[in-house]
Amino acid sequence: MIGSPARHTLIRHALAALVRGALSNGPIASRITAGVAAGCLALGIVFITLAVLPRLQDNGTSFLHWASLSLEEIQEAVREDVRPQQVGILARLAKIKYRFLQVASVAIGLAAVLLLASDVFAAGG
């Protein structure tokens, strides 16, 4: 399972080992770029987490609202067409989540470039 706690622990330990090794060995330029790369990776992880977390609000059109209604109340409520409201809410949520994914992609891409630069600095190039 992709989201399993064991997999998260493995990734966390791998990143910690990578950062620990890069930050403790080599020239200062290499260690600085590795530290900034670690920060970019952390930022990317935060924004990916924000993008995938559900944003359920009880605004009268969400699943939280429908879950609180009885069968009779649901039948009464569906007589009124709330699809335009739902589309608007879902579109705003999608826009926010897409922006979070964009920021995460840039941060992780920057981290990859910085890790390559760190490696070049460590090799004396």
# chains A, B, ... in the order shown; residues from 1 in each chain; ligands from 1
>>> residues_around(residues="Asp119 in chain A", least_positions_apart="3", cutoff="10 Å", atoms="only C-alpha atoms", output="count of residues only")
15
>>> closest_residue(among="A:Glu80, A:Phe121, A:Thr49, A:Glu73", to="Lys97 in chain A", atoms="only C-alpha atoms")
A:Thr49
>>> select_by_dssp(residues="range 48-80 of chain A", states="alpha helix (DSSP H)", output="JSON, numbers by chain")
{"A": [48, 49, 50, 51, 52, 63, 64, 65, 66, 67, 71, 72, 73, 74, 75, 76, 77]}
>>> write_last_selection(atoms="N, CA and C atoms", output="PDB file, in the first residue's frame")
ATOM      1  N   ILE A  48       2.280  18.638  -0.823  1.00  0.00           N
ATOM      2  CA  ILE A  48       1.587  17.438  -1.323  1.00  0.00           C
ATOM      3  C   ILE A  48       0.565  16.967  -0.293  1.00  0.00           C
ATOM      4  N   THR A  49       0.956  16.995   0.972  1.00  0.00           N
ATOM      5  CA  THR A  49       0.032  16.594   2.036  1.00  0.00           C
ATOM      6  C   THR A  49      -1.184  17.511   2.053  1.00  0.00           C
ATOM      7  N   LEU A  50      -0.961  18.818   1.931  1.00  0.00           N
ATOM      8  CA  LEU A  50      -2.087  19.756   1.903  1.00  0.00           C
ATOM      9  C   LEU A  50      -2.993  19.512   0.701  1.00  0.00           C
ATOM     10  N   ALA A  51      -2.414  19.105  -0.414  1.00  0.00           N
ATOM     11  CA  ALA A  51      -3.213  18.874  -1.619  1.00  0.00           C
ATOM     12  C   ALA A  51      -4.096  17.641  -1.498  1.00  0.00           C
ATOM     13  N   VAL A  52      -3.610  16.613  -0.825  1.00  0.00           N
ATOM     14  CA  VAL A  52      -4.386  15.375  -0.779  1.00  0.00           C
ATOM     15  C   VAL A  52      -5.318  15.275   0.424  1.00  0.00           C
ATOM     16  N   PHE A  63     -20.761  16.500   1.542  1.00  0.00           N
ATOM     17  CA  PHE A  63     -21.092  15.174   2.043  1.00  0.00           C
ATOM     18  C   PHE A  63     -21.353  15.203   3.554  1.00  0.00           C
ATOM     19  N   LEU A  64     -20.677  16.080   4.271  1.00  0.00           N
ATOM     20  CA  LEU A  64     -20.928  16.194   5.710  1.00  0.00           C
ATOM     21  C   LEU A  64     -22.385  16.597   5.971  1.00  0.00           C
ATOM     22  N   HIS A  65     -22.889  17.492   5.166  1.00  0.00           N
ATOM     23  CA  HIS A  65     -24.287  17.926   5.315  1.00  0.00           C
ATOM     24  C   HIS A  65     -25.235  16.763   5.008  1.00  0.00           C
ATOM     25  N   TRP A  66     -24.993  16.071   3.883  1.00  0.00           N
ATOM     26  CA  TRP A  66     -25.881  14.982   3.489  1.00  0.00           C
ATOM     27  C   TRP A  66     -25.852  13.841   4.504  1.00  0.00           C
ATOM     28  N   ALA A  67     -24.693  13.600   5.115  1.00  0.00           N
ATOM     29  CA  ALA A  67     -24.563  12.515   6.093  1.00  0.00           C
ATOM     30  C   ALA A  67     -25.360  12.797   7.361  1.00  0.00           C
ATOM     31  N   LEU A  71     -33.322  10.098   5.736  1.00  0.00           N
ATOM     32  CA  LEU A  71     -33.754   9.786   4.378  1.00  0.00           C
ATOM     33  C   LEU A  71     -34.831  10.759   3.901  1.00  0.00           C
ATOM     34  N   GLU A  72     -35.768  11.079   4.779  1.00  0.00           N
ATOM     35  CA  GLU A  72     -36.834  12.013   4.402  1.00  0.00           C
ATOM     36  C   GLU A  72     -36.275  13.406   4.127  1.00  0.00           C
ATOM     37  N   GLU A  73     -35.318  13.834   4.946  1.00  0.00           N
ATOM     38  CA  GLU A  73     -34.718  15.159   4.741  1.00  0.00           C
ATOM     39  C   GLU A  73     -33.911  15.210   3.444  1.00  0.00           C
ATOM     40  N   ILE A  74     -33.261  14.116   3.105  1.00  0.00           N
ATOM     41  CA  ILE A  74     -32.514  14.065   1.848  1.00  0.00           C
ATOM     42  C   ILE A  74     -33.478  14.158   0.667  1.00  0.00           C
ATOM     43  N   GLN A  75     -34.579  13.410   0.733  1.00  0.00           N
ATOM     44  CA  GLN A  75     -35.561  13.460  -0.354  1.00  0.00           C
ATOM     45  C   GLN A  75     -36.114  14.865  -0.516  1.00  0.00           C
ATOM     46  N   GLU A  76     -36.351  15.546   0.575  1.00  0.00           N
ATOM     47  CA  GLU A  76     -36.845  16.929   0.511  1.00  0.00           C
ATOM     48  C   GLU A  76     -35.772  17.857  -0.069  1.00  0.00           C
ATOM     49  N   ALA A  77     -34.540  17.656   0.348  1.00  0.00           N
ATOM     50  CA  ALA A  77     -33.447  18.536  -0.074  1.00  0.00           C
ATOM     51  C   ALA A  77     -33.116  18.392  -1.551  1.00  0.00           C
TER      52      ALA A  77
END
